[in-house]
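Structure data follow from work.cif (mmCIF, C-alpha atoms and all ligand atoms):
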```
data_structure
loop_
_atom_site.label_atom_id
_atom_site.label_comp_id
_atom_site.auth_asym_id
_atom_site.auth_seq_id
_atom_site.Cartn_x
_atom_site.Cartn_y
_atom_site.Cartn_z
CA MET A 24 -4.35 16.62 74.30
CA ARG A 25 -7.09 17.12 71.71
CA SER A 26 -8.23 14.63 69.10
CA ALA A 27 -10.07 14.66 65.80
CA ILE A 28 -12.27 11.93 64.31
CA VAL A 29 -12.20 11.81 60.51
CA GLY A 30 -15.23 9.80 59.38
CA ALA A 31 -17.15 10.81 62.50
CA THR A 32 -20.58 10.10 60.95
CA GLY A 33 -19.79 6.46 60.06
CA VAL A 34 -20.21 3.16 61.91
CA VAL A 35 -16.65 3.23 63.26
CA GLY A 36 -16.49 7.00 63.78
CA GLN A 37 -19.61 6.97 65.94
CA GLU A 38 -18.09 4.31 68.20
CA MET A 39 -14.88 6.32 68.45
CA LEU A 40 -16.91 9.32 69.59
CA ALA A 41 -18.63 7.23 72.28
CA LEU A 42 -15.29 5.77 73.46
CA LEU A 43 -13.67 9.21 73.74
CA GLU A 44 -16.31 10.19 76.31
CA ASN A 45 -14.50 7.89 78.76
CA SER A 46 -10.96 8.40 77.50
CA PRO A 47 -8.26 10.85 78.61
CA LEU A 48 -8.15 11.80 74.92
CA GLY A 49 -11.68 13.16 75.23
CA LYS A 50 -11.00 15.64 78.03
CA GLU A 51 -11.37 18.31 75.40
CA PRO A 52 -14.24 17.73 72.93
CA PRO A 53 -12.93 16.16 69.71
CA LEU A 54 -13.01 17.83 66.31
CA LEU A 55 -15.56 15.93 64.21
CA VAL A 56 -14.80 15.65 60.51
CA ALA A 57 -16.62 13.87 57.67
CA SER A 58 -17.23 14.48 53.99
CA PRO A 59 -18.34 18.00 53.03
CA ARG A 60 -21.90 16.67 52.55
CA SER A 61 -22.11 16.06 56.34
CA ALA A 62 -20.81 19.50 57.33
CA GLY A 63 -23.12 21.03 59.93
CA LYS A 64 -24.49 17.74 61.32
CA GLN A 65 -24.58 17.74 65.11
CA PHE A 66 -23.59 15.01 67.56
CA SER A 67 -23.72 15.02 71.33
CA PHE A 68 -20.55 14.55 73.39
CA ARG A 69 -20.72 14.61 77.20
CA GLY A 70 -23.92 16.63 76.95
CA GLU A 71 -22.38 19.15 74.55
CA SER A 72 -23.41 19.49 70.91
CA LEU A 73 -20.53 19.19 68.42
CA THR A 74 -20.78 20.24 64.79
CA VAL A 75 -19.24 18.17 61.99
CA GLN A 76 -16.73 19.95 59.75
CA GLY A 77 -16.27 18.98 56.11
CA LEU A 78 -12.84 17.64 55.15
CA ASP A 79 -11.29 20.19 52.83
CA SER A 80 -8.21 22.37 52.68
CA ASN A 81 -9.85 25.00 54.92
CA LEU A 82 -10.09 22.61 57.87
CA ASP A 83 -8.36 24.18 60.87
CA LEU A 84 -6.18 21.65 62.70
CA SER A 85 -4.67 24.02 65.21
CA GLY A 86 -4.62 22.48 68.68
CA ILE A 87 -5.19 18.95 67.37
CA ASP A 88 -2.61 16.37 68.53
CA VAL A 89 -3.99 13.10 67.19
CA ALA A 90 -6.54 12.21 64.50
CA LEU A 91 -8.47 8.95 64.35
CA PHE A 92 -9.22 8.19 60.70
CA ALA A 93 -12.21 6.02 59.71
CA ALA A 94 -13.17 7.39 56.32
CA GLY A 95 -11.93 4.79 53.84
CA GLY A 96 -8.62 4.20 52.08
CA SER A 97 -8.72 6.94 49.45
CA THR A 98 -9.48 9.63 52.05
CA SER A 99 -6.67 8.34 54.27
CA ARG A 100 -4.22 8.19 51.38
CA GLU A 101 -4.93 11.81 50.46
CA TRP A 102 -5.32 13.37 53.89
CA ALA A 103 -3.33 11.43 56.51
CA PRO A 104 0.07 12.66 55.22
CA ARG A 105 -1.27 16.23 55.19
CA PHE A 106 -2.32 15.92 58.83
CA VAL A 107 1.13 14.60 59.78
CA GLU A 108 2.76 17.50 57.93
CA GLN A 109 0.74 19.80 60.20
CA GLY A 110 2.07 18.02 63.31
CA VAL A 111 -0.91 15.72 63.91
CA ALA A 112 -0.38 11.98 64.60
CA VAL A 113 -2.79 9.79 62.62
CA VAL A 114 -4.16 6.40 63.67
CA ASP A 115 -5.69 5.04 60.48
CA ASN A 116 -8.38 2.37 60.18
CA SER A 117 -8.09 1.83 56.45
CA SER A 118 -5.78 -0.55 54.60
CA ALA A 119 -3.99 2.37 52.87
CA PHE A 120 -0.71 2.25 54.84
CA ARG A 121 -0.85 -1.05 56.71
CA LEU A 122 1.89 -2.79 54.77
CA ASP A 123 4.10 0.26 54.21
CA ASP A 124 7.62 -0.05 55.57
CA GLY A 125 8.02 2.39 58.43
CA VAL A 126 4.30 2.44 59.29
CA PRO A 127 3.66 0.47 62.49
CA LEU A 128 0.68 -1.89 62.34
CA VAL A 129 -0.50 -2.27 65.89
CA VAL A 130 -2.62 -4.33 68.22
CA PRO A 131 -1.56 -2.88 71.59
CA GLU A 132 -1.83 -6.21 73.47
CA VAL A 133 0.32 -7.90 70.81
CA ASN A 134 2.98 -5.41 69.65
CA GLY A 135 2.27 -2.13 71.46
CA GLU A 136 6.02 -1.57 71.80
CA VAL A 137 6.23 -0.44 68.14
CA ILE A 138 4.06 2.66 68.72
CA PRO A 139 6.23 5.67 67.90
CA SER A 140 6.18 9.05 69.58
CA GLY A 141 5.63 12.28 67.71
CA PRO A 142 3.50 12.87 64.62
CA ALA A 143 3.42 9.79 62.39
CA ILE A 144 0.94 7.48 60.70
CA ILE A 145 0.11 4.40 62.75
CA ALA A 146 -2.07 1.75 61.09
CA ASN A 147 -4.91 -0.15 62.70
CA PRO A 148 -5.07 -3.71 61.32
CA ASN A 149 -7.98 -5.32 59.52
CA CYS A 150 -10.82 -6.24 61.91
CA SER A 151 -10.52 -10.02 61.47
CA THR A 152 -6.76 -9.83 61.94
CA ILE A 153 -7.15 -8.01 65.26
CA ILE A 154 -9.76 -10.46 66.56
CA LEU A 155 -7.64 -13.45 65.50
CA LEU A 156 -4.46 -12.08 67.05
CA MET A 157 -6.14 -11.27 70.37
CA ALA A 158 -6.91 -14.99 70.71
CA LEU A 159 -3.63 -16.15 69.18
CA LYS A 160 -1.23 -13.99 71.19
CA PRO A 161 -1.66 -15.87 74.52
CA ILE A 162 -0.89 -19.19 72.78
CA TRP A 163 1.60 -18.00 70.17
CA HIS A 164 4.53 -19.27 72.28
CA LEU A 165 3.28 -22.81 71.62
CA GLY A 166 4.74 -22.32 68.14
CA PRO A 167 2.10 -23.00 65.47
CA GLU A 168 3.57 -23.11 62.00
CA ARG A 169 0.35 -22.89 60.01
CA LEU A 170 -3.09 -21.38 60.62
CA VAL A 171 -6.34 -22.24 58.88
CA VAL A 172 -8.89 -19.52 59.64
CA ASP A 173 -12.38 -19.23 58.23
CA THR A 174 -14.27 -16.06 59.06
CA TYR A 175 -18.00 -15.33 59.35
CA GLN A 176 -18.13 -11.58 58.95
CA ALA A 177 -20.96 -9.25 59.95
CA VAL A 178 -22.51 -6.83 57.46
CA SER A 179 -21.49 -3.76 59.51
CA GLY A 180 -17.92 -4.59 58.49
CA ALA A 181 -18.96 -2.89 55.24
CA GLY A 182 -20.10 0.23 57.12
CA ILE A 183 -23.49 1.88 57.09
CA ALA A 184 -24.12 0.67 53.53
CA GLY A 185 -23.75 -2.95 54.71
CA LEU A 186 -26.21 -2.50 57.56
CA ASP A 187 -28.62 -0.73 55.19
CA ALA A 188 -28.45 -3.62 52.69
CA LEU A 189 -29.35 -6.24 55.32
CA GLU A 190 -32.16 -4.08 56.68
CA ARG A 191 -33.52 -3.29 53.22
CA GLU A 192 -33.52 -6.90 52.00
CA SER A 193 -34.88 -8.21 55.34
CA SER A 194 -37.86 -5.89 55.10
CA GLY A 195 -38.72 -7.04 51.56
CA GLY A 196 -36.67 -4.50 49.64
CA GLU A 197 -34.76 -5.51 46.54
CA PHE A 198 -31.14 -6.60 46.30
CA LEU A 199 -29.05 -3.77 44.81
CA PRO A 200 -25.88 -5.26 43.25
CA GLY A 201 -22.73 -3.56 44.52
CA GLU A 202 -24.50 -1.52 47.21
CA PRO A 203 -22.32 -2.64 48.81
CA PHE A 204 -22.48 -6.42 48.36
CA PRO A 205 -22.08 -8.50 45.16
CA PHE A 206 -24.73 -11.03 46.28
CA PRO A 207 -27.97 -10.84 48.29
CA ILE A 208 -27.29 -11.03 52.03
CA HIS A 209 -30.73 -11.67 53.54
CA GLY A 210 -31.18 -15.45 53.96
CA ASN A 211 -27.83 -15.90 52.27
CA LEU A 212 -24.08 -15.76 52.75
CA PHE A 213 -21.19 -15.52 50.32
CA PRO A 214 -17.48 -16.42 50.37
CA ALA A 215 -16.30 -13.33 48.49
CA ILE A 216 -15.11 -10.28 50.46
CA GLY A 217 -13.19 -8.17 47.97
CA GLU A 218 -11.85 -9.23 44.59
CA ALA A 219 -9.94 -12.50 44.14
CA ASP A 220 -6.32 -12.38 42.93
CA GLY A 221 -4.65 -14.72 40.44
CA ASP A 222 -4.45 -17.45 43.10
CA GLY A 223 -8.17 -17.11 43.82
CA VAL A 224 -7.44 -15.51 47.21
CA THR A 225 -9.69 -12.56 48.08
CA VAL A 226 -8.50 -9.17 49.30
CA GLU A 227 -9.84 -9.91 52.79
CA GLU A 228 -8.07 -13.29 52.95
CA ARG A 229 -4.80 -11.77 51.73
CA LYS A 230 -5.02 -9.01 54.37
CA MET A 231 -5.14 -11.60 57.16
CA LEU A 232 -2.02 -13.36 55.84
CA ASP A 233 0.04 -10.22 55.20
CA GLU A 234 -0.99 -8.42 58.39
CA CYS A 235 -0.43 -11.42 60.70
CA ARG A 236 3.05 -11.84 59.22
CA LYS A 237 3.88 -8.16 59.80
CA ILE A 238 2.46 -7.84 63.33
CA LEU A 239 3.96 -11.11 64.56
CA SER A 240 7.27 -10.52 62.71
CA ALA A 241 6.76 -13.98 61.20
CA PRO A 242 7.41 -13.60 57.46
CA ASP A 243 7.03 -17.32 56.75
CA LEU A 244 3.82 -17.88 58.70
CA VAL A 245 1.08 -19.50 56.62
CA VAL A 246 -2.45 -18.25 57.22
CA GLN A 247 -5.09 -19.61 54.88
CA GLY A 248 -8.85 -19.81 54.97
CA THR A 249 -12.07 -18.47 53.56
CA CYS A 250 -13.62 -15.13 54.51
CA VAL A 251 -17.42 -15.30 54.40
CA ARG A 252 -20.00 -12.51 54.70
CA VAL A 253 -22.97 -13.61 56.82
CA PRO A 254 -26.34 -11.98 57.56
CA VAL A 255 -25.36 -10.90 61.07
CA ALA A 256 -25.48 -7.21 61.97
CA ARG A 257 -22.41 -7.04 64.14
CA CYS A 258 -19.46 -9.14 65.46
CA HIS A 259 -17.17 -11.28 63.37
CA SER A 260 -16.75 -14.98 64.21
CA LEU A 261 -13.67 -17.02 63.30
CA ALA A 262 -13.04 -20.78 63.23
CA ALA A 263 -9.29 -21.22 63.65
CA THR A 264 -7.12 -24.34 63.40
CA LEU A 265 -3.49 -24.07 64.51
CA ILE A 266 -1.22 -26.72 63.04
CA PHE A 267 2.10 -27.66 64.68
CA ASP A 268 5.11 -29.57 63.37
CA HIS A 269 4.93 -32.21 66.12
CA GLU A 270 2.40 -33.94 68.31
CA ASP A 271 2.05 -32.85 71.95
CA GLN A 272 -0.46 -34.47 74.30
CA GLU A 273 -0.02 -31.58 76.78
CA ARG A 274 -0.69 -28.78 74.31
CA LEU A 275 -4.41 -28.51 75.01
CA THR A 276 -3.77 -28.05 78.73
CA LYS A 277 -1.07 -25.47 78.05
CA ALA A 278 -3.39 -23.55 75.71
CA ARG A 279 -6.24 -23.64 78.21
CA GLU A 280 -3.99 -22.27 80.98
CA ALA A 281 -2.63 -19.53 78.70
CA LEU A 282 -6.09 -18.36 77.64
CA GLN A 283 -7.44 -18.21 81.19
CA GLY A 284 -7.07 -14.59 82.28
CA ALA A 285 -5.42 -13.44 79.04
CA ASN A 286 -5.55 -9.66 78.60
CA GLY A 287 -8.59 -8.57 76.58
CA VAL A 288 -9.88 -12.15 76.18
CA ILE A 289 -12.84 -13.96 77.71
CA PHE A 290 -12.22 -17.70 77.63
CA GLU A 291 -15.38 -19.83 77.66
CA GLU A 292 -14.41 -23.35 78.77
CA ASP A 293 -17.86 -24.94 78.46
CA PRO A 294 -18.08 -26.43 74.94
CA GLY A 295 -21.86 -26.27 75.23
CA ASN A 296 -21.75 -22.52 75.63
CA PRO A 297 -19.76 -21.16 72.68
CA PRO A 298 -19.49 -17.41 72.14
CA THR A 299 -21.97 -16.09 69.55
CA PRO A 300 -22.22 -12.70 67.85
CA GLY A 301 -25.58 -11.49 69.19
CA PRO A 302 -24.75 -11.22 72.90
CA LEU A 303 -21.22 -9.99 72.21
CA SER A 304 -22.29 -6.95 70.24
CA GLY A 305 -20.88 -4.00 72.20
CA ALA A 306 -18.36 -6.11 74.17
CA HIS A 307 -14.77 -4.89 74.44
CA PRO A 308 -12.98 -8.23 74.95
CA VAL A 309 -12.72 -10.92 72.32
CA SER A 310 -14.34 -14.24 73.30
CA VAL A 311 -12.76 -17.64 72.73
CA GLY A 312 -14.54 -20.98 73.07
CA ARG A 313 -14.65 -24.56 71.78
CA LEU A 314 -10.94 -25.03 72.40
CA ARG A 315 -10.15 -28.61 71.43
CA ALA A 316 -7.41 -30.89 70.14
CA PRO A 317 -8.93 -33.97 68.50
CA PHE A 318 -5.56 -34.53 66.79
CA ALA A 319 -2.32 -34.15 68.75
CA ASP A 320 -0.65 -32.00 66.08
CA SER A 321 -3.27 -29.22 66.14
CA LEU A 322 -5.55 -27.00 68.20
CA GLN A 323 -8.95 -25.70 67.20
CA LEU A 324 -10.80 -22.70 68.60
CA TRP A 325 -13.78 -20.49 67.93
CA ILE A 326 -13.36 -16.74 68.33
CA VAL A 327 -15.96 -13.94 68.35
CA GLY A 328 -15.26 -10.22 68.59
CA ASP A 329 -17.10 -6.97 68.01
CA GLN A 330 -15.35 -5.86 64.84
CA VAL A 331 -16.57 -2.27 65.17
CA LEU A 332 -15.04 -2.06 68.66
CA LYS A 333 -11.91 -4.18 69.18
CA GLY A 334 -11.68 -4.70 65.41
CA ALA A 335 -11.71 -0.96 64.74
CA ALA A 336 -12.73 1.93 67.04
CA LEU A 337 -11.54 0.50 70.37
CA ASN A 338 -8.18 -0.68 69.01
CA THR A 339 -7.69 2.75 67.42
CA VAL A 340 -8.48 4.61 70.62
CA GLN A 341 -6.17 2.27 72.58
CA ILE A 342 -3.35 2.97 70.10
CA ALA A 343 -3.97 6.71 70.36
CA GLU A 344 -3.99 6.54 74.17
CA SER A 345 -0.67 4.66 74.16
CA TRP A 346 0.72 7.15 71.65
CA SER A 347 -0.34 10.04 73.91
CA ARG A 348 1.58 8.48 76.81
CA THR A 349 4.75 8.41 74.66
CA VAL A 350 4.56 12.16 74.14
CA GLY A 351 3.70 12.95 77.77
N1 LIG B 401 -17.09 -1.15 59.89
C1 LIG B 401 -16.14 -1.93 60.39
O1 LIG B 401 -16.42 -2.93 61.07
C2 LIG B 401 -14.69 -1.60 60.16
C3 LIG B 401 -13.73 -2.38 60.80
C4 LIG B 401 -12.37 -2.10 60.61
C5 LIG B 401 -12.01 -1.08 59.78
N2 LIG B 401 -12.97 -0.34 59.14
C6 LIG B 401 -12.51 0.74 58.27
O2 LIG B 401 -12.92 1.97 58.85
C7 LIG B 401 -13.21 2.92 57.83
C8 LIG B 401 -14.63 3.44 58.04
O3 LIG B 401 -15.53 2.36 57.97
P1 LIG B 401 -17.06 2.50 58.39
O4 LIG B 401 -17.54 1.10 58.46
O5 LIG B 401 -17.23 3.40 59.57
O6 LIG B 401 -17.69 3.21 57.09
P2 LIG B 401 -19.03 4.07 56.96
O7 LIG B 401 -20.02 3.71 57.99
O8 LIG B 401 -19.42 3.94 55.53
O9 LIG B 401 -18.52 5.57 57.25
C9 LIG B 401 -17.63 6.21 56.38
C10 LIG B 401 -17.22 7.54 56.95
O10 LIG B 401 -16.24 8.13 56.08
C11 LIG B 401 -16.68 9.45 55.76
N3 LIG B 401 -16.21 9.83 54.44
C12 LIG B 401 -16.50 9.28 53.26
N4 LIG B 401 -15.90 9.97 52.25
C13 LIG B 401 -15.23 10.97 52.84
C14 LIG B 401 -14.43 12.05 52.35
N5 LIG B 401 -14.19 12.21 51.04
N6 LIG B 401 -13.91 12.91 53.24
C15 LIG B 401 -14.17 12.78 54.56
N7 LIG B 401 -14.90 11.79 55.09
C16 LIG B 401 -15.44 10.91 54.23
C17 LIG B 401 -18.19 9.37 55.80
O11 LIG B 401 -18.71 10.66 55.91
P3 LIG B 401 -20.17 11.02 55.30
O12 LIG B 401 -21.17 10.51 56.29
O13 LIG B 401 -20.13 12.49 55.22
O14 LIG B 401 -20.26 10.32 53.99
C18 LIG B 401 -18.36 8.54 57.07
O15 LIG B 401 -18.17 9.32 58.22
C19 LIG B 401 -12.99 2.18 56.51
O16 LIG B 401 -11.65 2.43 56.07
C20 LIG B 401 -13.13 0.73 56.89
O17 LIG B 401 -12.43 -0.15 56.03
C21 LIG B 401 -14.29 -0.58 59.33
#
```

Step by step, read the file and then write its structure as structure tokens.
Ligand SMILES: NC(=O)c1ccc[n+]([C@@H]2O[C@H](COP(=O)([O-])OP(=O)(O)OC[C@H]3O[C@@H](n4cnc5c(N)ncnc54)[C@H](OP(=O)(O)O)[C@@H]3O)[C@@H](O)[C@H]2O)c1
Amino acid sequence: MRSAIVGATGVVGQEMLALLENSPLGKEPPLLVASPRSAGKQFSFRGESLTVQGLDSNLDLSGIDVALFAAGGSTSREWAPRFVEQGVAVVDNSSAFRLDDGVPLVVPEVNGEVIPSGPAIIANPNCSTIILLMALKPIWHLGPERLVVDTYQAVSGAGIAGLDALERESSGGEFLPGEPFPFPIHGNLFPAIGEADGDGVTVEERKMLDECRKILSAPDLVVQGTCVRVPVARCHSLAATLIFDHEDQERLTKAREALQGANGVIFEEDPGNPPTPGPLSGAHPVSVGRLRAPFADSLQLWIVGDQVLKGAALNTVQIAESWSRTVG
């Protein structure tokens, strides 16, 4: 089993490379691919030096079984189908195919059973969606009918350019509009991640609604909230309120029991010790804290996850590992 990383020089691609060092998918060194301007760059893998190949029609995919794409939507749209035509399964981090019929959208702990075998495109959900669903899955059986989720999203969610912007502005450099943010980020935050549609809902907010509905097979689920970019380097935080159609005095206890020991989740019971982004940078599990029910028809929780790992690279590698088990 040999893999390729497309977007290997980026924030997500670099984490994929590190994760493959300890994955059965990395037994053979992966093929590293990025834009032609990165061709020739070298990265170390298990003590060996690997050279980045530029993505063009001369790229040799022989021997590659699965490709992990983290190179943006337009690259995925153009190249993922070509990889599949050449017999390579693609796990794609972009939003290009997430809502397409016939393309599974997967968080392995939530709906891993939809992973197909054979060469196909499999989509990795949006980072906030993954982090939300990791916390929601253990308590989903309690039957919420409406979610209100506000996100506090790290700058690295916008890739290397996002990290560069925070670093530049923090060290006295000027704000460069659109590179990549529409507003200054140092000493600031802004509730505008992607363009707003006719209802005033941003692209990022719409993704959370559409993707939760698809992954949970819940077409009528309401997910609403505000996605906010904050001057944090890494880890997204989410404030979630789950609203139910009836009051239940036992619901808090049931939720607490369900979150204790949930797969891929650290549940922090002490309200005085909520999860925060700094210490969780680099963590694989998603952390949940401040679980509370001040009103008997709802539950509130605070969720923090490393969006480069479980929100992107780790979830992708986990999908690819599951896929590899389906093909033997
Ligand atoms: N960052 C996150 O937290 C996060 C979370 C979930 C999903 N994602 C998604 O993951 C993808 C990558 O994000 P990122 O944050 O890693 O971005 P990034 O740091 O900006 O890296 C982008 C990568 O894509 C490559 N690339 C750009 N144009 C290309 C082309 N024409 N052909 C081949 N490769 C090309 C870049 O190569 P060069 O270095 O050669 O330009 C680089 O390796 C995006 O679709 C993003 O939406 C990101």

**Message:** Taking all atoms listed in the file into account, name the residue in A:Ile154, A:Ser347, A:Phe318, A:Ile208 that is nearest to Gly196 of chain A.
**Reply:**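 Of A:Ile154, A:Ser347, A:Phe318, A:Ile208, the one nearest Gly196 of chain A, counting all atoms listed in the file, is A:Ile208.
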
**Item:** Distance query segment 255-264 of chain A at most 6 Å, all atoms listed in the file, self and fewer than 6 positions along chain excluded, as a count of residues only
**Value:** 21

**Message:** Show me which residues are within 8 Å of ligand LIG 401 (chain B) counting all atoms listed in the file, and format the list as a ChimeraX atom specification.
**Reply:** /A:29-37,56-62,77-79,92-99,115-118,147-150,177,179-184,257,330-332,334-336

If we count only C-alpha atoms, what is near Val114 of chain A at a cut-off of 10 Å, once residues fewer than 5 positions away on the same chain are taken out, given as a PDB file with C-alpha atoms, in the frame of the given file?
```pdb
ATOM      1  CA  ILE A  28     -12.270  11.930  64.310  1.00  0.00           C
ATOM      2  CA  VAL A  89      -3.990  13.100  67.190  1.00  0.00           C
ATOM      3  CA  ALA A  90      -6.540  12.210  64.500  1.00  0.00           C
ATOM      4  CA  LEU A  91      -8.470   8.950  64.350  1.00  0.00           C
ATOM      5  CA  PHE A  92      -9.220   8.190  60.700  1.00  0.00           C
ATOM      6  CA  ALA A  93     -12.210   6.020  59.710  1.00  0.00           C
ATOM      7  CA  SER A  99      -6.670   8.340  54.270  1.00  0.00           C
ATOM      8  CA  ALA A 103      -3.330  11.430  56.510  1.00  0.00           C
ATOM      9  CA  PRO A 127       3.660   0.470  62.490  1.00  0.00           C
ATOM     10  CA  LEU A 128       0.680  -1.890  62.340  1.00  0.00           C
ATOM     11  CA  VAL A 129      -0.500  -2.270  65.890  1.00  0.00           C
ATOM     12  CA  ALA A 143       3.420   9.790  62.390  1.00  0.00           C
ATOM     13  CA  ILE A 144       0.940   7.480  60.700  1.00  0.00           C
ATOM     14  CA  ILE A 145       0.110   4.400  62.750  1.00  0.00           C
ATOM     15  CA  ALA A 146      -2.070   1.750  61.090  1.00  0.00           C
ATOM     16  CA  ASN A 147      -4.910  -0.150  62.700  1.00  0.00           C
ATOM     17  CA  ASN A 338      -8.180  -0.680  69.010  1.00  0.00           C
ATOM     18  CA  THR A 339      -7.690   2.750  67.420  1.00  0.00           C
ATOM     19  CA  VAL A 340      -8.480   4.610  70.620  1.00  0.00           C
ATOM     20  CA  ILE A 342      -3.350   2.970  70.100  1.00  0.00           C
ATOM     21  CA  ALA A 343      -3.970   6.710  70.360  1.00  0.00           C
ATOM     22  CA  TRP A 346       0.720   7.150  71.650  1.00  0.00           C
TER      23      TRP A 346
END
```

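In terms of minimum interatomic distance to Gly135 of chain A, A:Gln341 ranks closest within A:Val309, A:Gln341, A:Ala112, A:Ala158, counting all atoms listed in the file.
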
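Distances here use all atoms listed in the file; by that measure, the residue among A:Ala281, A:Pro297, A:Ser310, A:Leu186 closest to Leu155 of chain A is A:Ser310.
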
Please give the centre and size of the box around segment 217-235 of chain A (axis-aligned, containing every atom listed in the file, 4 Å added per side), with values in Å to one decimal and written as AutoDock Vina command-line options.
```
--center_x -6.6 --center_y -12.8 --center_z 50.6 --size_x 21.2 --size_y 17.3 --size_z 28.3
```

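Using only C-alpha atoms for every distance, the candidate list A:Ile138, A:Val130, A:Ala215, A:Thr276 yields A:Val130 as the residue closest to Leu159 of chain A.
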
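Every protein or nucleic acid residue with an atom no more than 9 Å from Pro52 of chain A, counting all atoms listed in the file and leaving out same-chain residues fewer than 6 positions away, appears here: Arg25, Ser26, Ala27, Leu43, Glu44, Phe68, Arg69, Glu71 and Leu73 of chain A.
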
**Request:** Using atom CA of Gly287 of chain A and atom CA of Met157 of chain A as the two end points, give the distance in Å to one decimal.
**Result:**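 A separation of 7.2 Å between them.
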
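Distance check against Ile238 of chain A using only C-alpha atoms: of A:Asp293, A:Glu197, A:Glu136, A:Glu280, the minimum falls on A:Glu136.
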
**Asked** What gap, in Å, lies between atom CA of Thr225 of chain A and atom CA of Pro205 of chain A?
**Response** 13.4 Å

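Of the listed residues (A:Leu212, A:Val111, A:Leu48, A:Cys235), A:Val111 comes nearest to Ile87 of chain A; the distances count all atoms listed in the file.
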
**Message:** Would you compute the distance between atom CA of Asp83 of chain A and atom CA of Arg105 of chain A? Give it in Å to one decimal.
**Reply:**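 Separation between atom CA of Asp83 of chain A and atom CA of Arg105 of chain A: 12.1 Å.
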
**Point (1.7, -3.8, 53.6) neighbourhood (8 Å, only C-alpha atoms) written as a PyMOL selection string** = chain A and resi 120-124+233-234+237
